[in-house]
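Here is the structure we will look at.
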Amino acid sequence: MLLAVDIGNTNISFGVFKGNKIVKRFNILTGSYCAKRLKKNLGRADISDSIICSVVPKATDILARDLEKLLAIRAHIIGKDLKAPIKNLYRKAKQVGQDRLVNAYAGVKLYGSPLIVIDFGTAITFDAISKRSEYLGGAILPGLQISLDALHERTALLPKVKLNKPKGLIGKDTKNSMLSGIIYGFASLSDDLSLRIKLKIGRNAKVIGTGGNINLIKKYCRNLDIIDRDLTLKGLRLIY
């Protein structure tokens, strides 16, 4: 079985694949990761190989070391040992996060092109893939929780609020006004921005929603064609 790992700024997502099917999935907070938690969550899974995609270099080194100790296998690292096999048209190719290239490749292989991938993670990223399956670039925005935190940290009276569903579009108290602004606001933003990108790459482009917060925001978005929370993990398996 293959262990696929996506290291993000907030969570580390693990997926154990048997063939092309995820048979076990779990997350560990990036800031709380330790070898004991990894061992406990893996249980008795018979892992034969592993592949890692990461945007946190320090965490990559620690996890790769722990996998070698726990499983006696050397992890394959995207960007170092393996590359996402997609043509990258970014002006400075090395600036693109490996997770974005993995998502783009997975999207093309699973759903075709042209394509827009919206990843609702710590940051929100939009990635555009041409009808020729070329990675064109995209947009990067602050994520949902980051935006909520900024409202609290940069104002005198707005409280610290945990990310959740708002009770309605029109907030009846400060907390729900903030949640409404973040959830409905970013849903509307994603709808409009994806439409604008379609005008550039093709009106028939499919829009895929993924990332740790996709299940929270998906019902508020109107232009998502496909929801695939495990897109990055699936992309890692395909590259492997």
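If you're wondering about the labels, chains in the structure tokens are A, B, ... by order shown, residues count from 1 in each chain, ligands from 1 in order shown.
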Pick out the residues sitting within 8 Å of stretch 57-62 of chain A, and hand them over as a PDB file with C-alpha atoms, in the first residue's frame; count only C-alpha atoms, and ignore anything fewer than 3 positions along from it in its own chain.
ATOM      1  CA  ILE A   7       1.872  18.807   4.157  1.00  0.00           C
ATOM      2  CA  THR A  30       1.053  20.624  11.259  1.00  0.00           C
ATOM      3  CA  ILE A  52       5.138  13.560   0.018  1.00  0.00           C
ATOM      4  CA  SER A  54       4.790  19.872   0.980  1.00  0.00           C
ATOM      5  CA  ARG A  65      12.936  11.068   8.772  1.00  0.00           C
ATOM      6  CA  ASP A  66      10.114   9.596  10.875  1.00  0.00           C
TER       7      ASP A  66
END
(message) Could you pull out the strand (DSSP E) residues of stretch 39-218 of chain A, going by DSSP on the backbone, and write them as a PyMOL selection string?
(response) chain A and resi 49-54+76-77+87-88+115-120+123-129+134-142+206-210
Kindly export the residues of the current selection with C-alpha atoms, as an mmCIF file, in the first residue's frame.
data_model
loop_
_atom_site.group_PDB
_atom_site.id
_atom_site.type_symbol
_atom_site.label_atom_id
_atom_site.label_comp_id
_atom_site.auth_asym_id
_atom_site.auth_seq_id
_atom_site.Cartn_x
_atom_site.Cartn_y
_atom_site.Cartn_z
ATOM 1 C CA ASP A 49 6.099 3.066 -0.133
ATOM 2 C CA SER A 50 5.341 6.746 0.445
ATOM 3 C CA ILE A 51 5.190 10.043 -1.422
ATOM 4 C CA ILE A 52 5.138 13.560 0.018
ATOM 5 C CA CYS A 53 4.006 16.939 -1.292
ATOM 6 C CA SER A 54 4.790 19.872 0.980
ATOM 7 C CA HIS A 76 9.622 10.204 -2.515
ATOM 8 C CA ILE A 77 9.348 14.008 -2.307
ATOM 9 C CA LYS A 87 3.842 21.800 -18.586
ATOM 10 C CA ASN A 88 4.369 24.792 -16.304
ATOM 11 C CA LEU A 115 -9.887 23.376 -15.880
ATOM 12 C CA ILE A 116 -9.970 25.647 -12.845
ATOM 13 C CA VAL A 117 -8.948 24.245 -9.462
ATOM 14 C CA ILE A 118 -9.942 26.186 -6.342
ATOM 15 C CA ASP A 119 -8.187 24.979 -3.196
ATOM 16 C CA PHE A 120 -9.779 26.260 0.016
ATOM 17 C CA ALA A 123 -4.636 30.190 1.667
ATOM 18 C CA ILE A 124 -7.173 30.001 -1.169
ATOM 19 C CA THR A 125 -5.576 29.295 -4.532
ATOM 20 C CA PHE A 126 -7.059 29.422 -8.010
ATOM 21 C CA ASP A 127 -5.203 27.448 -10.674
ATOM 22 C CA ALA A 128 -5.948 27.676 -14.385
ATOM 23 C CA ILE A 129 -5.158 24.834 -16.786
ATOM 24 C CA GLU A 134 -0.784 23.455 -19.573
ATOM 25 C CA TYR A 135 -0.493 25.012 -16.128
ATOM 26 C CA LEU A 136 -1.080 28.725 -16.758
ATOM 27 C CA GLY A 137 -0.953 30.219 -13.254
ATOM 28 C CA GLY A 138 -3.718 31.601 -11.081
ATOM 29 C CA ALA A 139 -4.475 33.662 -8.001
ATOM 30 C CA ILE A 140 -3.718 33.466 -4.276
ATOM 31 C CA LEU A 141 -5.999 34.861 -1.565
ATOM 32 C CA PRO A 142 -6.035 34.762 2.245
ATOM 33 C CA LYS A 206 -14.774 22.728 -15.323
ATOM 34 C CA VAL A 207 -14.362 24.150 -11.836
ATOM 35 C CA ILE A 208 -13.099 21.790 -9.118
ATOM 36 C CA GLY A 209 -13.307 22.635 -5.423
ATOM 37 C CA THR A 210 -10.862 21.027 -3.014
#
(request) Per DSSP on the backbone, filter stretch 112-154 of chain A down to the residues in alpha helix (DSSP H) and report them as a ChimeraX atom specification. (result) /A:144-153
Could you name the residues that touch A:Gly31 at 10 Å or less, counting only C-alpha atoms, but leaving out those on the same chain fewer than 6 positions away, as a compact mmCIF listing (two decimals) with all heavy atoms, in the first residue's frame?
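Below is the file selection_3.txt, written as the result:
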# COMPACT_ATOMS: atom_id res chain seq x y z
N ASN A 9 0.17 24.24 5.61
CA ASN A 9 0.53 25.11 6.73
C ASN A 9 -0.32 24.85 7.97
O ASN A 9 0.14 25.08 9.09
CB ASN A 9 0.38 26.57 6.30
CG ASN A 9 1.47 27.00 5.34
OD1 ASN A 9 2.62 27.12 5.70
ND2 ASN A 9 1.10 27.19 4.08
N THR A 10 -1.54 24.36 7.77
CA THR A 10 -2.43 24.09 8.91
C THR A 10 -2.50 22.61 9.24
O THR A 10 -2.37 22.23 10.41
CB THR A 10 -3.85 24.61 8.62
OG1 THR A 10 -3.80 26.01 8.34
CG2 THR A 10 -4.77 24.37 9.82
N ASN A 11 -2.71 21.78 8.23
CA ASN A 11 -2.86 20.33 8.43
C ASN A 11 -1.90 19.54 7.57
O ASN A 11 -1.50 19.97 6.48
CB ASN A 11 -4.29 19.89 8.07
CG ASN A 11 -5.32 20.31 9.09
OD1 ASN A 11 -5.23 19.96 10.26
ND2 ASN A 11 -6.31 21.08 8.67
N ILE A 12 -1.56 18.36 8.07
CA ILE A 12 -0.90 17.35 7.25
C ILE A 12 -1.94 16.29 6.96
O ILE A 12 -2.50 15.68 7.88
CB ILE A 12 0.30 16.72 7.97
CG1 ILE A 12 1.29 17.79 8.43
CG2 ILE A 12 1.00 15.71 7.05
CD1 ILE A 12 2.47 17.24 9.21
N ALA A 59 8.85 20.78 8.08
CA ALA A 59 8.00 19.63 8.39
C ALA A 59 8.30 18.45 7.46
O ALA A 59 8.20 17.29 7.86
CB ALA A 59 6.53 20.02 8.28
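With only C-alpha atoms taken into account, the protein and nucleic acid residues at most 10 Å from A:Pro159 (excluding it and anything under 6 positions from it in its own chain) are Leu148, Asp149, Leu151, His152, Glu153, Thr174, Lys175 and Met178 of chain A.
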What would the file look like if the residues just selected were written as an mmCIF file, in the first residue's frame with all heavy atoms?
data_model
loop_
_atom_site.group_PDB
_atom_site.id
_atom_site.type_symbol
_atom_site.label_atom_id
_atom_site.label_comp_id
_atom_site.auth_asym_id
_atom_site.auth_seq_id
_atom_site.Cartn_x
_atom_site.Cartn_y
_atom_site.Cartn_z
ATOM 1 N N LEU A 148 -10.680 35.692 9.077
ATOM 2 C CA LEU A 148 -11.362 35.900 10.360
ATOM 3 C C LEU A 148 -10.377 36.394 11.420
ATOM 4 O O LEU A 148 -10.679 37.323 12.182
ATOM 5 C CB LEU A 148 -12.000 34.599 10.831
ATOM 6 C CG LEU A 148 -13.451 34.317 10.435
ATOM 7 C CD1 LEU A 148 -13.866 32.947 10.955
ATOM 8 C CD2 LEU A 148 -14.394 35.394 10.934
ATOM 9 N N ASP A 149 -9.217 35.781 11.485
ATOM 10 C CA ASP A 149 -8.212 36.171 12.465
ATOM 11 C C ASP A 149 -7.759 37.606 12.242
ATOM 12 O O ASP A 149 -7.545 38.359 13.206
ATOM 13 C CB ASP A 149 -7.006 35.229 12.392
ATOM 14 C CG ASP A 149 -7.316 33.827 12.876
ATOM 15 O OD1 ASP A 149 -8.358 33.643 13.557
ATOM 16 O OD2 ASP A 149 -6.538 32.907 12.571
ATOM 17 N N LEU A 151 -9.471 40.090 11.015
ATOM 18 C CA LEU A 151 -10.502 41.018 11.484
ATOM 19 C C LEU A 151 -10.368 41.265 12.986
ATOM 20 O O LEU A 151 -10.511 42.401 13.461
ATOM 21 C CB LEU A 151 -11.894 40.454 11.171
ATOM 22 C CG LEU A 151 -12.357 40.529 9.719
ATOM 23 C CD1 LEU A 151 -13.692 39.792 9.554
ATOM 24 C CD2 LEU A 151 -12.493 41.972 9.252
ATOM 25 N N HIS A 152 -10.095 40.210 13.721
ATOM 26 C CA HIS A 152 -9.920 40.336 15.166
ATOM 27 C C HIS A 152 -8.624 41.074 15.518
ATOM 28 O O HIS A 152 -8.613 41.975 16.372
ATOM 29 C CB HIS A 152 -9.916 38.946 15.804
ATOM 30 C CG HIS A 152 -9.447 38.923 17.222
ATOM 31 N ND1 HIS A 152 -10.108 39.577 18.242
ATOM 32 C CD2 HIS A 152 -8.357 38.318 17.796
ATOM 33 C CE1 HIS A 152 -9.456 39.387 19.379
ATOM 34 N NE2 HIS A 152 -8.397 38.628 19.131
ATOM 35 N N GLU A 153 -7.543 40.689 14.849
ATOM 36 C CA GLU A 153 -6.227 41.230 15.198
ATOM 37 C C GLU A 153 -6.028 42.679 14.765
ATOM 38 O O GLU A 153 -5.276 43.421 15.413
ATOM 39 C CB GLU A 153 -5.143 40.347 14.568
ATOM 40 C CG GLU A 153 -5.078 38.948 15.180
ATOM 41 C CD GLU A 153 -4.266 37.979 14.353
ATOM 42 O OE1 GLU A 153 -3.670 38.426 13.331
ATOM 43 O OE2 GLU A 153 -4.209 36.781 14.706
ATOM 44 N N THR A 174 -22.559 40.192 16.074
ATOM 45 C CA THR A 174 -21.235 40.425 15.497
ATOM 46 C C THR A 174 -20.596 39.140 14.980
ATOM 47 O O THR A 174 -20.051 39.093 13.871
ATOM 48 C CB THR A 174 -20.310 41.086 16.534
ATOM 49 O OG1 THR A 174 -20.911 42.313 16.961
ATOM 50 C CG2 THR A 174 -18.947 41.391 15.935
ATOM 51 N N LYS A 175 -20.663 38.093 15.781
ATOM 52 C CA LYS A 175 -20.067 36.825 15.376
ATOM 53 C C LYS A 175 -20.628 36.348 14.045
ATOM 54 O O LYS A 175 -19.876 36.011 13.126
ATOM 55 C CB LYS A 175 -20.296 35.763 16.457
ATOM 56 C CG LYS A 175 -19.836 34.372 16.063
ATOM 57 C CD LYS A 175 -20.200 33.339 17.136
ATOM 58 C CE LYS A 175 -19.857 31.934 16.677
ATOM 59 N NZ LYS A 175 -20.222 30.917 17.694
ATOM 60 N N MET A 178 -19.677 38.448 11.046
ATOM 61 C CA MET A 178 -18.333 38.131 10.566
ATOM 62 C C MET A 178 -18.324 36.825 9.776
ATOM 63 O O MET A 178 -17.721 36.742 8.693
ATOM 64 C CB MET A 178 -17.373 38.046 11.753
ATOM 65 C CG MET A 178 -17.124 39.387 12.438
ATOM 66 S SD MET A 178 -16.251 39.229 14.019
ATOM 67 C CE MET A 178 -14.625 38.669 13.480
#
(request) Considering only C-alpha atoms, state which residue in the set A:Leu169, A:Leu2, A:Leu101, A:Ala35 is at the smallest distance from A:Lys18. (result) A:Leu2
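Counting only C-alpha atoms and comparing A:Ser130, A:Ser188, A:Asn103, A:Ser177, the residue that lies closest to A:Gly235 is A:Asn103.
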Exercise: A:Lys109 partners within 12 Å, only C-alpha atoms, chain neighbours under 2 positions left out, as a PDB file with all heavy atoms, in the first residue's frame:
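Resulting contents of part_0.pdb:
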ATOM      1  N   ALA A  84       5.623  16.823 -10.859  1.00  0.00           N
ATOM      2  CA  ALA A  84       4.297  16.720 -11.467  1.00  0.00           C
ATOM      3  C   ALA A  84       4.477  16.866 -12.981  1.00  0.00           C
ATOM      4  O   ALA A  84       4.986  17.898 -13.434  1.00  0.00           O
ATOM      5  CB  ALA A  84       3.381  17.808 -10.928  1.00  0.00           C
ATOM      6  N   PRO A  85       4.092  15.862 -13.758  1.00  0.00           N
ATOM      7  CA  PRO A  85       4.342  15.882 -15.199  1.00  0.00           C
ATOM      8  C   PRO A  85       3.338  16.743 -15.967  1.00  0.00           C
ATOM      9  O   PRO A  85       2.517  16.257 -16.746  1.00  0.00           O
ATOM     10  CB  PRO A  85       4.239  14.402 -15.588  1.00  0.00           C
ATOM     11  CG  PRO A  85       3.293  13.834 -14.594  1.00  0.00           C
ATOM     12  CD  PRO A  85       3.510  14.583 -13.317  1.00  0.00           C
ATOM     13  N   ILE A  86       3.389  18.044 -15.718  1.00  0.00           N
ATOM     14  CA  ILE A  86       2.511  18.973 -16.406  1.00  0.00           C
ATOM     15  C   ILE A  86       3.340  20.166 -16.866  1.00  0.00           C
ATOM     16  O   ILE A  86       4.247  20.613 -16.148  1.00  0.00           O
ATOM     17  CB  ILE A  86       1.344  19.430 -15.485  1.00  0.00           C
ATOM     18  CG1 ILE A  86       0.331  20.267 -16.267  1.00  0.00           C
ATOM     19  CG2 ILE A  86       1.856  20.173 -14.249  1.00  0.00           C
ATOM     20  CD1 ILE A  86      -0.961  20.508 -15.501  1.00  0.00           C
ATOM     21  N   VAL A 102       0.499  19.566  -8.398  1.00  0.00           N
ATOM     22  CA  VAL A 102      -0.096  18.241  -8.188  1.00  0.00           C
ATOM     23  C   VAL A 102      -1.602  18.311  -8.421  1.00  0.00           C
ATOM     24  O   VAL A 102      -2.182  17.435  -9.079  1.00  0.00           O
ATOM     25  CB  VAL A 102       0.222  17.721  -6.770  1.00  0.00           C
ATOM     26  CG1 VAL A 102      -0.585  16.446  -6.473  1.00  0.00           C
ATOM     27  CG2 VAL A 102       1.708  17.439  -6.625  1.00  0.00           C
ATOM     28  N   ASN A 103      -2.253  19.335  -7.885  1.00  0.00           N
ATOM     29  CA  ASN A 103      -3.692  19.510  -8.094  1.00  0.00           C
ATOM     30  C   ASN A 103      -4.029  19.666  -9.570  1.00  0.00           C
ATOM     31  O   ASN A 103      -5.008  19.091 -10.062  1.00  0.00           O
ATOM     32  CB  ASN A 103      -4.196  20.737  -7.340  1.00  0.00           C
ATOM     33  CG  ASN A 103      -4.384  20.494  -5.861  1.00  0.00           C
ATOM     34  OD1 ASN A 103      -4.366  19.356  -5.405  1.00  0.00           O
ATOM     35  ND2 ASN A 103      -4.561  21.554  -5.100  1.00  0.00           N
ATOM     36  N   ALA A 104      -3.222  20.471 -10.268  1.00  0.00           N
ATOM     37  CA  ALA A 104      -3.472  20.681 -11.693  1.00  0.00           C
ATOM     38  C   ALA A 104      -3.352  19.386 -12.474  1.00  0.00           C
ATOM     39  O   ALA A 104      -4.204  19.060 -13.317  1.00  0.00           O
ATOM     40  CB  ALA A 104      -2.490  21.726 -12.233  1.00  0.00           C
ATOM     41  N   TYR A 105      -2.304  18.614 -12.192  1.00  0.00           N
ATOM     42  CA  TYR A 105      -2.100  17.342 -12.885  1.00  0.00           C
ATOM     43  C   TYR A 105      -3.228  16.366 -12.575  1.00  0.00           C
ATOM     44  O   TYR A 105      -3.775  15.725 -13.483  1.00  0.00           O
ATOM     45  CB  TYR A 105      -0.752  16.746 -12.478  1.00  0.00           C
ATOM     46  CG  TYR A 105      -0.486  15.397 -13.089  1.00  0.00           C
ATOM     47  CD1 TYR A 105      -0.224  15.272 -14.450  1.00  0.00           C
ATOM     48  CD2 TYR A 105      -0.501  14.238 -12.316  1.00  0.00           C
ATOM     49  CE1 TYR A 105       0.012  14.031 -15.022  1.00  0.00           C
ATOM     50  CE2 TYR A 105      -0.266  12.997 -12.883  1.00  0.00           C
ATOM     51  CZ  TYR A 105      -0.014  12.899 -14.232  1.00  0.00           C
ATOM     52  OH  TYR A 105       0.211  11.670 -14.806  1.00  0.00           O
ATOM     53  N   ALA A 106      -3.593  16.278 -11.291  1.00  0.00           N
ATOM     54  CA  ALA A 106      -4.679  15.378 -10.904  1.00  0.00           C
ATOM     55  C   ALA A 106      -5.983  15.779 -11.581  1.00  0.00           C
ATOM     56  O   ALA A 106      -6.738  14.922 -12.058  1.00  0.00           O
ATOM     57  CB  ALA A 106      -4.855  15.383  -9.384  1.00  0.00           C
ATOM     58  N   GLY A 107      -6.257  17.074 -11.618  1.00  0.00           N
ATOM     59  CA  GLY A 107      -7.487  17.554 -12.243  1.00  0.00           C
ATOM     60  C   GLY A 107      -7.571  17.182 -13.713  1.00  0.00           C
ATOM     61  O   GLY A 107      -8.610  16.719 -14.199  1.00  0.00           O
ATOM     62  N   TYR A 111     -10.389  14.657 -14.665  1.00  0.00           N
ATOM     63  CA  TYR A 111     -11.582  15.382 -15.130  1.00  0.00           C
ATOM     64  C   TYR A 111     -11.412  16.087 -16.476  1.00  0.00           C
ATOM     65  O   TYR A 111     -12.370  16.637 -17.000  1.00  0.00           O
ATOM     66  CB  TYR A 111     -12.006  16.409 -14.069  1.00  0.00           C
ATOM     67  CG  TYR A 111     -12.206  15.794 -12.708  1.00  0.00           C
ATOM     68  CD1 TYR A 111     -11.329  16.051 -11.658  1.00  0.00           C
ATOM     69  CD2 TYR A 111     -13.260  14.908 -12.467  1.00  0.00           C
ATOM     70  CE1 TYR A 111     -11.492  15.466 -10.404  1.00  0.00           C
ATOM     71  CE2 TYR A 111     -13.432  14.318 -11.225  1.00  0.00           C
ATOM     72  CZ  TYR A 111     -12.546  14.608 -10.200  1.00  0.00           C
ATOM     73  OH  TYR A 111     -12.717  14.030  -8.971  1.00  0.00           O
ATOM     74  N   GLY A 112     -10.202  16.085 -17.036  1.00  0.00           N
ATOM     75  CA  GLY A 112      -9.988  16.704 -18.330  1.00  0.00           C
ATOM     76  C   GLY A 112      -9.668  18.186 -18.235  1.00  0.00           C
ATOM     77  O   GLY A 112      -9.630  18.771 -17.158  1.00  0.00           O
ATOM     78  N   SER A 113      -9.452  18.805 -19.392  1.00  0.00           N
ATOM     79  CA  SER A 113      -9.109  20.223 -19.449  1.00  0.00           C
ATOM     80  C   SER A 113      -9.889  20.881 -20.603  1.00  0.00           C
ATOM     81  O   SER A 113     -10.372  20.182 -21.493  1.00  0.00           O
ATOM     82  CB  SER A 113      -7.604  20.397 -19.656  1.00  0.00           C
ATOM     83  OG  SER A 113      -7.165  19.711 -20.825  1.00  0.00           O
ATOM     84  N   PRO A 114     -10.067  22.224 -20.561  1.00  0.00           N
ATOM     85  CA  PRO A 114      -9.549  23.215 -19.618  1.00  0.00           C
ATOM     86  C   PRO A 114     -10.185  23.063 -18.235  1.00  0.00           C
ATOM     87  O   PRO A 114     -11.238  22.442 -18.088  1.00  0.00           O
ATOM     88  CB  PRO A 114      -9.907  24.547 -20.258  1.00  0.00           C
ATOM     89  CG  PRO A 114     -11.137  24.255 -21.054  1.00  0.00           C
ATOM     90  CD  PRO A 114     -10.926  22.868 -21.589  1.00  0.00           C
ATOM     91  N   LEU A 115      -9.519  23.661 -17.256  1.00  0.00           N
ATOM     92  CA  LEU A 115      -9.887  23.376 -15.880  1.00  0.00           C
ATOM     93  C   LEU A 115      -9.491  24.528 -14.960  1.00  0.00           C
ATOM     94  O   LEU A 115      -8.495  25.204 -15.198  1.00  0.00           O
ATOM     95  CB  LEU A 115      -9.147  22.104 -15.453  1.00  0.00           C
ATOM     96  CG  LEU A 115      -9.462  21.451 -14.120  1.00  0.00           C
ATOM     97  CD1 LEU A 115     -10.851  20.836 -14.145  1.00  0.00           C
ATOM     98  CD2 LEU A 115      -8.419  20.372 -13.829  1.00  0.00           C
ATOM     99  N   ILE A 129      -5.815  25.801 -15.911  1.00  0.00           N
ATOM    100  CA  ILE A 129      -5.158  24.834 -16.786  1.00  0.00           C
ATOM    101  C   ILE A 129      -5.797  24.946 -18.171  1.00  0.00           C
ATOM    102  O   ILE A 129      -7.022  24.911 -18.307  1.00  0.00           O
ATOM    103  CB  ILE A 129      -5.296  23.391 -16.247  1.00  0.00           C
ATOM    104  CG1 ILE A 129      -4.619  23.276 -14.872  1.00  0.00           C
ATOM    105  CG2 ILE A 129      -4.672  22.396 -17.212  1.00  0.00           C
ATOM    106  CD1 ILE A 129      -5.522  23.514 -13.689  1.00  0.00           C
ATOM    107  N   SER A 133      -3.834  21.300 -21.574  1.00  0.00           N
ATOM    108  CA  SER A 133      -3.362  20.735 -20.300  1.00  0.00           C
ATOM    109  C   SER A 133      -2.066  21.380 -19.817  1.00  0.00           C
ATOM    110  O   SER A 133      -1.204  20.725 -19.229  1.00  0.00           O
ATOM    111  CB  SER A 133      -3.193  19.208 -20.403  1.00  0.00           C
ATOM    112  OG  SER A 133      -4.420  18.593 -20.719  1.00  0.00           O
ATOM    113  N   LEU A 231      -8.213  15.623  -3.848  1.00  0.00           N
ATOM    114  CA  LEU A 231      -7.572  15.806  -5.148  1.00  0.00           C
ATOM    115  C   LEU A 231      -6.049  15.729  -5.054  1.00  0.00           C
ATOM    116  O   LEU A 231      -5.402  15.075  -5.884  1.00  0.00           O
ATOM    117  CB  LEU A 231      -7.982  17.160  -5.744  1.00  0.00           C
ATOM    118  CG  LEU A 231      -7.503  17.432  -7.174  1.00  0.00           C
ATOM    119  CD1 LEU A 231      -8.201  16.497  -8.156  1.00  0.00           C
ATOM    120  CD2 LEU A 231      -7.753  18.891  -7.568  1.00  0.00           C
ATOM    121  N   LYS A 234      -4.905  12.146  -4.418  1.00  0.00           N
ATOM    122  CA  LYS A 234      -5.085  11.358  -5.642  1.00  0.00           C
ATOM    123  C   LYS A 234      -4.006  11.700  -6.669  1.00  0.00           C
ATOM    124  O   LYS A 234      -3.499  10.829  -7.383  1.00  0.00           O
ATOM    125  CB  LYS A 234      -6.470  11.603  -6.236  1.00  0.00           C
ATOM    126  CG  LYS A 234      -7.613  11.039  -5.393  1.00  0.00           C
ATOM    127  CD  LYS A 234      -8.969  11.413  -5.992  1.00  0.00           C
ATOM    128  CE  LYS A 234     -10.116  10.872  -5.148  1.00  0.00           C
ATOM    129  NZ  LYS A 234     -11.433  11.283  -5.695  1.00  0.00           N
ATOM    130  N   GLY A 235      -3.653  12.989  -6.735  1.00  0.00           N
ATOM    131  CA  GLY A 235      -2.598  13.402  -7.644  1.00  0.00           C
ATOM    132  C   GLY A 235      -1.254  12.781  -7.287  1.00  0.00           C
ATOM    133  O   GLY A 235      -0.484  12.367  -8.164  1.00  0.00           O
ATOM    134  N   LEU A 236      -0.982  12.682  -5.998  1.00  0.00           N
ATOM    135  CA  LEU A 236       0.262  12.054  -5.556  1.00  0.00           C
ATOM    136  C   LEU A 236       0.304  10.588  -5.967  1.00  0.00           C
ATOM    137  O   LEU A 236       1.338  10.078  -6.421  1.00  0.00           O
ATOM    138  CB  LEU A 236       0.403  12.180  -4.035  1.00  0.00           C
ATOM    139  CG  LEU A 236       0.694  13.595  -3.518  1.00  0.00           C
ATOM    140  CD1 LEU A 236       0.624  13.636  -2.011  1.00  0.00           C
ATOM    141  CD2 LEU A 236       2.059  14.072  -4.010  1.00  0.00           C
ATOM    142  N   ARG A 237      -0.817   9.901  -5.839  1.00  0.00           N
ATOM    143  CA  ARG A 237      -0.862   8.499  -6.256  1.00  0.00           C
ATOM    144  C   ARG A 237      -0.623   8.378  -7.753  1.00  0.00           C
ATOM    145  O   ARG A 237       0.126   7.508  -8.220  1.00  0.00           O
ATOM    146  CB  ARG A 237      -2.208   7.864  -5.900  1.00  0.00           C
ATOM    147  CG  ARG A 237      -2.277   6.365  -6.232  1.00  0.00           C
ATOM    148  CD  ARG A 237      -3.687   5.847  -6.252  1.00  0.00           C
ATOM    149  NE  ARG A 237      -4.471   6.381  -7.355  1.00  0.00           N
ATOM    150  CZ  ARG A 237      -4.415   5.916  -8.611  1.00  0.00           C
ATOM    151  NH1 ARG A 237      -3.606   4.927  -8.926  1.00  0.00           N
ATOM    152  NH2 ARG A 237      -5.167   6.453  -9.544  1.00  0.00           N
ATOM    153  N   LEU A 238      -1.250   9.256  -8.532  1.00  0.00           N
ATOM    154  CA  LEU A 238      -1.101   9.215  -9.983  1.00  0.00           C
ATOM    155  C   LEU A 238       0.344   9.479 -10.391  1.00  0.00           C
ATOM    156  O   LEU A 238       0.881   8.817 -11.297  1.00  0.00           O
ATOM    157  CB  LEU A 238      -2.020  10.254 -10.634  1.00  0.00           C
ATOM    158  CG  LEU A 238      -3.513   9.936 -10.610  1.00  0.00           C
ATOM    159  CD1 LEU A 238      -4.328  11.171 -10.980  1.00  0.00           C
ATOM    160  CD2 LEU A 238      -3.836   8.783 -11.550  1.00  0.00           C
ATOM    161  N   ILE A 239       0.995  10.424  -9.745  1.00  0.00           N
ATOM    162  CA  ILE A 239       2.402  10.730 -10.054  1.00  0.00           C
ATOM    163  C   ILE A 239       3.288   9.562  -9.668  1.00  0.00           C
ATOM    164  O   ILE A 239       4.201   9.179 -10.403  1.00  0.00           O
ATOM    165  CB  ILE A 239       2.844  12.019  -9.337  1.00  0.00           C
ATOM    166  CG1 ILE A 239       2.098  13.222  -9.936  1.00  0.00           C
ATOM    167  CG2 ILE A 239       4.362  12.213  -9.451  1.00  0.00           C
ATOM    168  CD1 ILE A 239       2.252  14.494  -9.149  1.00  0.00           C
TER     169      ILE A 239
END
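You can rank A:Ser194, A:Asn20, A:Ser13, A:Gln98 by their closest distance to A:Leu82 using only C-alpha atoms, and at the top of that list sits A:Gln98.
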(request) Find the residues near A:Ile47: any atom within 12 Å, counting only C-alpha atoms, skip ones fewer than 4 places away on the same chain, and give them as a VMD selection string. (result) chain A and resid 1 to 4 15 to 18 23 to 24 39 42 to 43 51 67 to 68 70 to 75
Selected residues written out with C-alpha atoms, as a PDB file, in the first residue's frame:
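File produced: out.pdb:
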ATOM      1  CA  MET A   1       0.000   0.000   0.000  1.00  0.00           C
ATOM      2  CA  LEU A   2       1.071   3.557  -0.739  1.00  0.00           C
ATOM      3  CA  LEU A   3       1.064   6.345   1.837  1.00  0.00           C
ATOM      4  CA  ALA A   4       0.432   9.753   0.229  1.00  0.00           C
ATOM      5  CA  GLY A  15      -4.055   8.923   2.611  1.00  0.00           C
ATOM      6  CA  VAL A  16      -3.321   5.204   2.458  1.00  0.00           C
ATOM      7  CA  PHE A  17      -4.008   3.799  -1.002  1.00  0.00           C
ATOM      8  CA  LYS A  18      -4.652   0.213  -1.940  1.00  0.00           C
ATOM      9  CA  VAL A  23      -8.605   2.870   2.390  1.00  0.00           C
ATOM     10  CA  LYS A  24      -7.519   5.089   5.276  1.00  0.00           C
ATOM     11  CA  LYS A  39       2.369   5.776  14.447  1.00  0.00           C
ATOM     12  CA  LEU A  42      -1.235   4.460  10.859  1.00  0.00           C
ATOM     13  CA  GLY A  43      -1.961   1.513  13.113  1.00  0.00           C
ATOM     14  CA  ILE A  51       5.190  10.043  -1.422  1.00  0.00           C
ATOM     15  CA  LEU A  67       8.768   7.533   7.974  1.00  0.00           C
ATOM     16  CA  GLU A  68      12.209   6.077   7.409  1.00  0.00           C
ATOM     17  CA  LEU A  70       8.881   3.777  11.442  1.00  0.00           C
ATOM     18  CA  LEU A  71       8.450   2.017   8.113  1.00  0.00           C
ATOM     19  CA  ALA A  72      12.018   1.514   6.888  1.00  0.00           C
ATOM     20  CA  ILE A  73      11.168   3.257   3.616  1.00  0.00           C
ATOM     21  CA  ARG A  74      12.552   6.414   2.032  1.00  0.00           C
ATOM     22  CA  ALA A  75       9.768   8.777   1.008  1.00  0.00           C
TER      23      ALA A  75
END
